[in-house]
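Have a look at the structure below, then the notes.
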Amino acid sequence: MGDVSTSSWLEKVWRRTSLVQRLTCVALVPTAISALLLVTLLTRHQMDTLHEMGRSTADAIAQQSATVSGDALRTGERREIARIAQSIVQLPQVSRVRISDRDGEILADRVNGTIGDDDSLTVAREVLDPLTHRVVGSVTVDVSVEDAIAAQRASMHNALLWLALSLFIAVMIGWSTARWLSAPLRNLAIAVRQLGLGDRTVVVPVTDDTEIGDLQRGFNGAASKLLHAQIGMEREIAAATEELARKNAALEAASVAKARFLAAASHDLRQPLYALTLFSSGLAVDEYDPLRLNRIAHIQECVDALDHLFSELLDLSRLETGAMPAVIRDVALDDVFEEVSVNFRMVAEQHDLRLVVRTTGLWVRCDRTMLARILNNLVSNALRYTRCGGVLVGARKRLDGRVRIDVWDTGLGIGDEHLRHIFDEFYRVESGPETGRPEGTRRGLGLGLSTVQRLAGLLGSEASVRSRPGKGSVFSITLPETQAGTLEPRQTPAQAPAATRDVAGMRVLVIDDEPSILAGISYLLGSWGCEVMTAEDAQQAMEAVHQWIQPPDIVISDLRLREGTGLDVIALLDRYYRRRPGDAPPFARVLITGETRGDFLRNVDASTTQVLFKPVSPERLHEVMVSAWAVHHAPV
């Protein structure tokens, strides 16, 4: 573990050093190691030499002392022995002299007080009788090497100073050399950094013809190629951006054109269709010839088919223009399910199918009208593409606090190749005669499921589908759950419970700038027993009401007129009958329009005025007239 830690630490330190530091270190470390080894060896050799010289000196002094003191030891003259010892101890570097007889008795012991004996060499020699050559005693001499050691230390100090100076010079030379050698590499690093920052014109100078020069030339070549590649890529991106902008502009233009077409289809094209609806409904009045009645029935069937197609276009147009804002509130699912069951129970029974609606007791947070429209579209599609079995509508609470609403069917199913496009606009699954049940002349445009998806988006959700060909399909939508509340009556603010009556005998003022529509609705209302006045603008409306002593029972007006709007004419009539703010309206009122833009409908008072979208079927018109009259005469 210790070796690993040391290696890791050294590796971290090495990674943090610059190239100049690394080159300096590479150049300095061998020099420093060599110098230290050389100083160590020379110092050791000098110490050995000094010790050898000290020992040689001590041997020489001891040998001389033994020769001089031989006669004195043979005769036993202590005074002479003491004098000899005193003279020897006064020699340089001699710190002590001891002369002993053959029995080991010390006859003379002299010490040089000026010389320390901390660092000394001791040499002993036997003293021989000059005549008999027998041992008569011994001489011991201590020679001090302190001066030699001091000299050696001074020499070591000087050597270290010179070594430090040499290393400093070597560091400076190595640092300068390293900077000179690494300068091309540092310039390359700076150039790479600038290239990364977007400087496309960066070029490094070629300093030599070595490998570094090859690297510099290679970098310049790569930078040049990268510059050309970037220029080419920018040109391609600019061309692609321009092409994308052109296509986006074309798509936006197509979207605007589609919106204009839908707006035209929802207003201008619906005007003659509305008139056709009115005239076709009036053809059957007082007609008893079976052949003519059959022809009239075919005409009405074709008109109904056109009405169905234009209703799909109208819904799409209203969704795209934002004319259908979501009104979010607490909604009881069982209430909506019951409405769906009432709408399609007879349709299912006519085709020997079962329509099962499971009660749930759950409440969700959404727009009730939009949810009902979603379920109506899904159940209608399910019944159309189911030949045996039936349709199941249910809901289940999920763990994330949301409620999933499912519409199951046992129909033909949807192939995998169609699932990804099933919610697209104008997309229909065309798989042959077995695709769906024949619906006479009524055939959709493929907007039902697209409308479902758009409505789900307005509710903050998304419609999904799972299907197995030959087994059936399930369409689902998830909504946030809420606590159960008080069930409100299923009626708009303009509707209130009241005693209803037939429209016969009602005074009805019809305002529209299309003569054909005025003629058609006048004929239809006349066939119902109404007293009808028509007008194309405000002036004609004022002239018409002057013919009645009392205000009209109902005013039916187109929203957009040739001069002004139907709201302006109704406001003029209110002023004519001296209606003041806060008073009840003097007559019931119904607006009929093909407009889908929200700014046209924003000023409509929903509490007193009902809005119908063209074309309006006679049955719906009759129903709304009775409802508007009932609201107008309801007790306050």
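Following the order of the structure tokens, first chain is A, next is B, and so on, with residues numbered from 1 inside each chain and ligands from 1 in the order they appear.
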12 Å contact set for Leu333 of chain A, only C-alpha atoms, chain neighbours under 3 positions out, as an MDAnalysis selection string = chainID A and resid 330 336:340 357:369 371:372 375 393:397 403:406 479:485 487
Selection: 9 Å around Leu567 of chain A, only C-alpha atoms, excl. self and same-chain fewer than 3 positions, as a ChimeraX atom specification = /A:557-560,564,570-572,591,603-604
Generate the output file for the selected residues, N, CA, C and O atoms, as a CSV table (one decimal), in the first residue's frame.
```csv
chain,number,residue,atom,x,y,z
A,557,SER,N,-80.6,35.9,-36.0
A,557,SER,CA,-79.8,36.8,-36.8
A,557,SER,C,-78.5,36.1,-37.2
A,557,SER,O,-77.9,35.3,-36.3
A,558,ASP,N,-78.0,36.4,-38.4
A,558,ASP,CA,-76.6,35.9,-38.7
A,558,ASP,C,-75.6,36.8,-37.9
A,558,ASP,O,-75.9,38.0,-37.7
A,559,LEU,N,-74.5,36.3,-37.5
A,559,LEU,CA,-73.6,37.0,-36.8
A,559,LEU,C,-72.9,38.1,-37.6
A,559,LEU,O,-72.8,39.3,-37.2
A,560,ARG,N,-72.4,37.7,-38.8
A,560,ARG,CA,-71.7,38.6,-39.7
A,560,ARG,C,-72.6,39.1,-40.8
A,560,ARG,O,-73.0,38.2,-41.7
A,564,GLY,N,-71.8,45.7,-40.6
A,564,GLY,CA,-71.9,45.4,-39.1
A,564,GLY,C,-72.1,44.0,-38.8
A,564,GLY,O,-71.9,43.1,-39.6
A,570,ILE,N,-79.2,43.7,-32.9
A,570,ILE,CA,-79.9,43.3,-31.7
A,570,ILE,C,-79.8,44.4,-30.7
A,570,ILE,O,-80.8,44.8,-30.0
A,571,ALA,N,-78.6,45.0,-30.6
A,571,ALA,CA,-78.4,46.2,-29.6
A,571,ALA,C,-79.3,47.3,-30.1
A,571,ALA,O,-79.9,48.1,-29.2
A,572,LEU,N,-79.4,47.6,-31.4
A,572,LEU,CA,-80.3,48.7,-31.9
A,572,LEU,C,-81.7,48.4,-31.5
A,572,LEU,O,-82.5,49.3,-31.1
A,591,LEU,N,-78.3,33.5,-32.4
A,591,LEU,CA,-77.3,33.9,-33.4
A,591,LEU,C,-77.0,32.6,-34.2
A,591,LEU,O,-76.7,31.6,-33.6
A,603,ASN,N,-68.0,38.6,-27.7
A,603,ASN,CA,-68.9,39.6,-27.1
A,603,ASN,C,-70.3,39.1,-27.0
A,603,ASN,O,-71.3,39.8,-26.7
A,604,VAL,N,-70.5,37.8,-27.2
A,604,VAL,CA,-71.9,37.2,-27.2
A,604,VAL,C,-72.2,36.9,-25.7
A,604,VAL,O,-71.4,36.2,-25.0
```
Nearest residue to Arg44 of chain A from the set A:Ile149, A:Leu251, A:Ala82, A:Val532 (distances using only C-alpha atoms) |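 Of all the options, A:Ile149 lies closest to Arg44 of chain A.
For the pair atom CA of Ser380 of chain A and atom CA of Glu301 of chain A, the separation is 18.6 Å.
Distance annotation: of A:Ser473, A:Thr277, A:Gln453, A:Gln90, the residue with the minimal separation from Gly390 of chain A is A:Ser473; atom set is only C-alpha atoms.
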Using only C-alpha atoms, find the one residue out of A:Cys25, A:Leu459, A:Met370, A:Leu160 that sits nearest to Val39 of chain A.
->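 Of all the options, A:Leu160 lies closest to Val39 of chain A.
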Residue contacts of Gln152 of chain A (12 Å, only C-alpha atoms) excluding same-chain residues fewer than 4 positions away, as a PyMOL selection string | chain A and resi 42-51+145-148+156-159
Next, dump the selected residues to file, keeping only all heavy atoms, as a tab-separated table (two decimals), in the first residue's frame.
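Contents of the output file out27.tsv:
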```tsv
chain	number	residue	atom	x	y	z
A	42	LEU	N	34.86	11.53	-3.31
A	42	LEU	CA	36.08	12.30	-3.03
A	42	LEU	C	36.25	12.58	-1.55
A	42	LEU	O	37.37	12.51	-1.00
A	42	LEU	CB	36.05	13.62	-3.81
A	42	LEU	CG	36.18	13.49	-5.33
A	42	LEU	CD1	36.05	14.84	-6.00
A	42	LEU	CD2	37.52	12.84	-5.71
A	43	THR	N	35.18	12.88	-0.86
A	43	THR	CA	35.25	13.14	0.58
A	43	THR	C	35.68	11.89	1.34
A	43	THR	O	36.52	11.94	2.25
A	43	THR	CB	33.89	13.62	1.09
A	43	THR	OG1	33.52	14.80	0.38
A	43	THR	CG2	33.95	13.94	2.57
A	44	ARG	N	35.11	10.78	0.95
A	44	ARG	CA	35.49	9.54	1.63
A	44	ARG	C	36.96	9.21	1.38
A	44	ARG	O	37.70	8.79	2.29
A	44	ARG	CB	34.60	8.39	1.13
A	44	ARG	CG	34.83	7.09	1.89
A	44	ARG	CD	33.83	6.02	1.45
A	44	ARG	NE	34.01	4.83	2.22
A	44	ARG	CZ	33.50	4.60	3.43
A	44	ARG	NH1	32.78	5.55	4.01
A	44	ARG	NH2	33.69	3.47	4.06
A	45	HIS	N	37.38	9.42	0.13
A	45	HIS	CA	38.80	9.15	-0.18
A	45	HIS	C	39.71	10.09	0.60
A	45	HIS	O	40.76	9.68	1.12
A	45	HIS	CB	39.02	9.32	-1.69
A	45	HIS	CG	40.44	9.13	-2.10
A	45	HIS	ND1	41.08	7.90	-2.07
A	45	HIS	CD2	41.37	10.02	-2.55
A	45	HIS	CE1	42.33	8.04	-2.47
A	45	HIS	NE2	42.54	9.32	-2.77
A	46	GLN	N	39.31	11.36	0.72
A	46	GLN	CA	40.14	12.32	1.47
A	46	GLN	C	40.20	11.95	2.95
A	46	GLN	O	41.26	12.07	3.58
A	46	GLN	CB	39.55	13.73	1.28
A	46	GLN	CG	40.42	14.84	1.87
A	46	GLN	CD	39.85	16.20	1.60
A	46	GLN	OE1	38.71	16.31	1.16
A	46	GLN	NE2	40.64	17.24	1.85
A	47	MET	N	39.08	11.51	3.50
A	47	MET	CA	39.09	11.09	4.91
A	47	MET	C	40.02	9.91	5.12
A	47	MET	O	40.80	9.84	6.09
A	47	MET	CB	37.66	10.73	5.33
A	47	MET	CG	36.75	11.95	5.51
A	47	MET	SD	37.23	12.98	6.90
A	47	MET	CE	36.96	11.85	8.24
A	48	ASP	N	39.94	8.96	4.21
A	48	ASP	CA	40.83	7.80	4.34
A	48	ASP	C	42.28	8.24	4.23
A	48	ASP	O	43.17	7.74	4.96
A	48	ASP	CB	40.49	6.77	3.23
A	48	ASP	CG	39.12	6.16	3.44
A	48	ASP	OD1	38.60	6.23	4.58
A	48	ASP	OD2	38.56	5.61	2.46
A	49	THR	N	42.55	9.17	3.32
A	49	THR	CA	43.93	9.65	3.16
A	49	THR	C	44.41	10.36	4.42
A	49	THR	O	45.55	10.17	4.88
A	49	THR	CB	44.03	10.59	1.96
A	49	THR	OG1	43.58	9.89	0.79
A	49	THR	CG2	45.44	11.07	1.75
A	50	LEU	N	43.54	11.18	4.99
A	50	LEU	CA	43.93	11.88	6.22
A	50	LEU	C	44.19	10.92	7.37
A	50	LEU	O	45.16	11.07	8.14
A	50	LEU	CB	42.81	12.87	6.60
A	50	LEU	CG	42.67	14.10	5.69
A	50	LEU	CD1	41.47	14.93	6.11
A	50	LEU	CD2	43.94	14.96	5.73
A	51	HIS	N	43.33	9.92	7.50
A	51	HIS	CA	43.57	8.93	8.56
A	51	HIS	C	44.87	8.16	8.33
A	51	HIS	O	45.62	7.87	9.28
A	51	HIS	CB	42.37	7.97	8.64
A	51	HIS	CG	41.20	8.52	9.41
A	51	HIS	ND1	41.13	8.49	10.78
A	51	HIS	CD2	40.06	9.12	8.98
A	51	HIS	CE1	40.01	9.04	11.19
A	51	HIS	NE2	39.33	9.43	10.10
A	145	VAL	N	44.22	14.11	15.25
A	145	VAL	CA	43.87	14.39	13.83
A	145	VAL	C	42.79	15.46	13.74
A	145	VAL	O	42.11	15.58	12.71
A	145	VAL	CB	43.40	13.09	13.13
A	145	VAL	CG1	44.54	12.08	13.07
A	145	VAL	CG2	42.19	12.48	13.87
A	146	GLU	N	42.64	16.25	14.79
A	146	GLU	CA	41.58	17.28	14.80
A	146	GLU	C	41.79	18.32	13.72
A	146	GLU	O	40.86	18.74	13.03
A	146	GLU	CB	41.55	17.95	16.17
A	146	GLU	CG	40.44	18.99	16.32
A	146	GLU	CD	40.42	19.58	17.72
A	146	GLU	OE1	41.21	19.14	18.57
A	146	GLU	OE2	39.60	20.50	17.95
A	147	ASP	N	43.04	18.72	13.53
A	147	ASP	CA	43.30	19.71	12.49
A	147	ASP	C	42.99	19.17	11.10
A	147	ASP	O	42.47	19.88	10.22
A	147	ASP	CB	44.78	20.16	12.57
A	147	ASP	CG	45.08	20.90	13.86
A	147	ASP	OD1	44.10	21.40	14.47
A	147	ASP	OD2	46.24	20.97	14.25
A	148	ALA	N	43.32	17.90	10.95
A	148	ALA	CA	43.04	17.30	9.64
A	148	ALA	C	41.54	17.22	9.37
A	148	ALA	O	41.06	17.48	8.25
A	148	ALA	CB	43.68	15.91	9.56
A	156	MET	N	35.05	20.16	2.63
A	156	MET	CA	33.71	19.69	2.30
A	156	MET	C	32.75	20.86	2.12
A	156	MET	O	31.93	20.88	1.19
A	156	MET	CB	33.19	18.78	3.43
A	156	MET	CG	31.75	18.31	3.25
A	156	MET	SD	31.54	17.20	1.84
A	156	MET	CE	32.38	15.76	2.48
A	157	HIS	N	32.85	21.85	2.99
A	157	HIS	CA	31.99	23.03	2.89
A	157	HIS	C	32.18	23.76	1.57
A	157	HIS	O	31.24	24.15	0.89
A	157	HIS	CB	32.27	23.95	4.09
A	157	HIS	CG	31.37	25.15	4.14
A	157	HIS	ND1	31.73	26.37	3.61
A	157	HIS	CD2	30.12	25.31	4.65
A	157	HIS	CE1	30.75	27.23	3.78
A	157	HIS	NE2	29.75	26.61	4.43
A	158	ASN	N	33.46	23.92	1.22
A	158	ASN	CA	33.75	24.57	-0.06
A	158	ASN	C	33.23	23.77	-1.24
A	158	ASN	O	32.71	24.32	-2.22
A	158	ASN	CB	35.26	24.80	-0.20
A	158	ASN	CG	35.77	25.80	0.83
A	158	ASN	OD1	35.02	26.67	1.27
A	158	ASN	ND2	37.04	25.66	1.22
A	159	ALA	N	33.38	22.44	-1.13
A	159	ALA	CA	32.89	21.58	-2.21
A	159	ALA	C	31.37	21.69	-2.37
A	159	ALA	O	30.84	21.74	-3.48
A	159	ALA	CB	33.30	20.13	-1.96
```
Rounded to one decimal place, report the atom CA of Ser100 of chain A-atom CA of Ser65 of chain A distance in Å.
->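 Computed distance, atom CA of Ser100 of chain A to atom CA of Ser65 of chain A, equals 12.0 Å.
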Would you return as an NGL selection string the members of segment 187-419 of chain A that DSSP assigns to strand (DSSP E or B) on this structure's backbone?
-> :A and (329-332 or 354-357 or 363-366 or 390-397 or 402-409)
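Among the candidate residues A:Gly104, A:Asp208, A:Leu383, A:Leu378, the one lying nearest to Val347 of chain A is A:Leu383, with distances computed using only C-alpha atoms.
For the pair atom CA of Lys614 of chain A and atom CA of Thr593 of chain A, the interatomic distance is 5.7 Å.
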Between A:Ala72, A:Ile99, A:Leu121, A:Pro551, single out the one closest to Ala85 of chain A, counting only C-alpha atoms.
->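 Looking only at the distances to Ala85 of chain A, the closest residue turns out to be A:Ile99.
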Please report, as number ranges by chain, each residue of segment 43-259 of chain A to which DSSP assigns helix (DSSP H, G or I) when run on this structure's backbone.
-> A: 43-68, 70-75, 78-89, 146-196, 211-259
Write the selection just made, keeping C-alpha atoms, as a short mmCIF file (atom, residue, chain, number, x, y, z; two decimals), in the first residue's frame?
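See out07.cif below for the written result:
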```cif
data_model
loop_
_atom_site.label_atom_id
_atom_site.label_comp_id
_atom_site.auth_asym_id
_atom_site.auth_seq_id
_atom_site.Cartn_x
_atom_site.Cartn_y
_atom_site.Cartn_z
CA THR A 43 35.25 13.14 0.58
CA ARG A 44 35.49 9.54 1.63
CA HIS A 45 38.80 9.15 -0.18
CA GLN A 46 40.14 12.32 1.47
CA MET A 47 39.09 11.09 4.91
CA ASP A 48 40.83 7.80 4.34
CA THR A 49 43.93 9.65 3.16
CA LEU A 50 43.93 11.88 6.22
CA HIS A 51 43.57 8.93 8.56
CA GLU A 52 46.38 7.13 6.78
CA MET A 53 48.65 10.17 7.01
CA GLY A 54 47.84 10.56 10.71
CA ARG A 55 48.69 6.93 11.40
CA SER A 56 51.95 7.19 9.48
CA THR A 57 52.89 10.28 11.48
CA ALA A 58 52.03 8.55 14.74
CA ASP A 59 54.11 5.48 13.77
CA ALA A 60 57.09 7.67 12.95
CA ILE A 61 56.91 9.58 16.24
CA ALA A 62 56.45 6.39 18.21
CA GLN A 63 59.41 4.76 16.46
CA GLN A 64 61.58 7.79 17.14
CA SER A 65 60.49 7.88 20.79
CA ALA A 66 61.32 4.19 21.24
CA THR A 67 64.82 4.69 19.80
CA VAL A 68 65.58 7.74 21.96
CA GLY A 70 66.15 2.84 24.89
CA ASP A 71 69.26 3.78 26.91
CA ALA A 72 67.28 5.58 29.58
CA LEU A 73 65.03 2.56 30.11
CA ARG A 74 68.02 0.18 30.24
CA THR A 75 69.72 2.26 32.94
CA ARG A 78 63.65 8.27 35.43
CA ARG A 79 64.68 11.88 35.06
CA GLU A 80 65.99 11.24 31.57
CA ILE A 81 62.82 9.30 30.72
CA ALA A 82 60.67 12.22 31.93
CA ARG A 83 62.73 14.68 29.89
CA ILE A 84 62.36 12.50 26.79
CA ALA A 85 58.60 12.25 27.28
CA GLN A 86 58.36 16.00 27.77
CA SER A 87 60.30 16.69 24.61
CA ILE A 88 58.18 14.25 22.57
CA VAL A 89 54.85 15.63 23.79
CA GLU A 146 41.58 17.28 14.80
CA ASP A 147 43.30 19.71 12.49
CA ALA A 148 43.04 17.30 9.64
CA ILE A 149 39.36 16.79 10.27
CA ALA A 150 38.77 20.55 10.45
CA ALA A 151 40.61 20.98 7.20
CA GLN A 152 38.54 18.19 5.70
CA ARG A 153 35.31 19.86 6.88
CA ALA A 154 36.35 23.15 5.39
CA SER A 155 37.12 21.38 2.18
CA MET A 156 33.71 19.69 2.30
CA HIS A 157 31.99 23.03 2.89
CA ASN A 158 33.75 24.57 -0.06
CA ALA A 159 32.89 21.58 -2.21
CA LEU A 160 29.22 21.87 -1.28
CA LEU A 161 29.21 25.56 -2.08
CA TRP A 162 30.74 24.90 -5.46
CA LEU A 163 28.27 22.05 -5.96
CA ALA A 164 25.30 24.32 -5.15
CA LEU A 165 26.62 26.99 -7.47
CA SER A 166 27.14 24.42 -10.19
CA LEU A 167 23.65 23.04 -9.72
CA PHE A 168 22.19 26.55 -9.86
CA ILE A 169 24.04 27.24 -13.09
CA ALA A 170 22.91 23.85 -14.40
CA VAL A 171 19.29 24.69 -13.45
CA MET A 172 19.44 28.01 -15.26
CA ILE A 173 21.04 26.44 -18.31
CA GLY A 174 18.56 23.54 -18.21
CA TRP A 175 15.58 25.90 -17.73
CA SER A 176 16.67 28.08 -20.63
CA THR A 177 17.33 25.06 -22.80
CA ALA A 178 14.00 23.50 -21.83
CA ARG A 179 12.14 26.70 -22.67
CA TRP A 180 13.94 26.91 -25.98
CA LEU A 181 13.22 23.27 -26.79
CA SER A 182 9.59 23.42 -25.62
CA ALA A 183 8.77 26.76 -27.25
CA PRO A 184 7.58 25.14 -30.52
CA LEU A 185 5.43 22.68 -28.58
CA ARG A 186 3.97 25.45 -26.43
CA ASN A 187 3.19 27.44 -29.56
CA LEU A 188 1.47 24.38 -30.96
CA ALA A 189 -0.57 24.00 -27.77
CA ILE A 190 -1.61 27.67 -27.92
CA ALA A 191 -2.52 27.29 -31.60
CA VAL A 192 -4.63 24.19 -30.85
CA ARG A 193 -6.41 26.10 -28.08
CA GLN A 194 -7.10 29.02 -30.42
CA LEU A 195 -8.32 26.60 -33.06
CA GLY A 196 -10.68 25.09 -30.54
CA GLU A 211 10.47 16.11 -36.07
CA ILE A 212 9.14 19.30 -34.46
CA GLY A 213 9.18 21.00 -37.84
CA ASP A 214 7.27 18.05 -39.32
CA LEU A 215 4.74 18.40 -36.51
CA GLN A 216 4.37 22.14 -37.17
CA ARG A 217 3.89 21.61 -40.89
CA GLY A 218 1.39 18.84 -40.17
CA PHE A 219 -0.58 21.12 -37.86
CA ASN A 220 -0.67 23.90 -40.43
CA GLY A 221 -1.86 21.46 -43.09
CA ALA A 222 -4.55 20.04 -40.78
CA ALA A 223 -5.68 23.55 -39.79
CA SER A 224 -5.91 24.54 -43.46
CA LYS A 225 -7.97 21.45 -44.32
CA LEU A 226 -10.18 22.05 -41.29
CA LEU A 227 -10.70 25.65 -42.43
CA HIS A 228 -11.76 24.51 -45.89
CA ALA A 229 -13.98 21.83 -44.36
CA GLN A 230 -15.62 24.36 -42.05
CA ILE A 231 -16.17 26.79 -44.90
CA GLY A 232 -17.74 24.01 -46.95
CA MET A 233 -19.85 22.89 -44.01
CA GLU A 234 -20.98 26.45 -43.35
CA ARG A 235 -22.01 26.76 -46.96
CA GLU A 236 -23.94 23.50 -46.73
CA ILE A 237 -25.54 24.57 -43.43
CA ALA A 238 -26.46 27.94 -44.93
CA ALA A 239 -27.96 26.22 -47.96
CA ALA A 240 -29.79 23.73 -45.74
CA THR A 241 -31.01 26.55 -43.49
CA GLU A 242 -32.22 28.49 -46.48
CA GLU A 243 -33.94 25.41 -47.84
CA LEU A 244 -35.47 24.69 -44.43
CA ALA A 245 -36.65 28.29 -44.13
CA ARG A 246 -38.14 28.05 -47.59
CA LYS A 247 -39.92 24.82 -46.72
CA ASN A 248 -41.09 26.27 -43.41
CA ALA A 249 -42.40 29.31 -45.24
CA ALA A 250 -44.14 27.01 -47.69
CA LEU A 251 -45.60 24.98 -44.80
CA GLU A 252 -46.75 28.14 -43.05
CA ALA A 253 -48.26 29.40 -46.28
CA ALA A 254 -49.98 26.04 -46.76
CA SER A 255 -51.22 26.17 -43.16
CA VAL A 256 -52.53 29.70 -43.67
CA ALA A 257 -54.13 28.64 -46.94
CA LYS A 258 -55.73 25.67 -45.21
CA ALA A 259 -56.97 27.89 -42.39
#
```
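Taking only C-alpha atoms into account, Ala456 of chain A lies nearest to A:Arg373 out of the set A:Arg292, A:Arg373, A:Glu623, A:Leu399.
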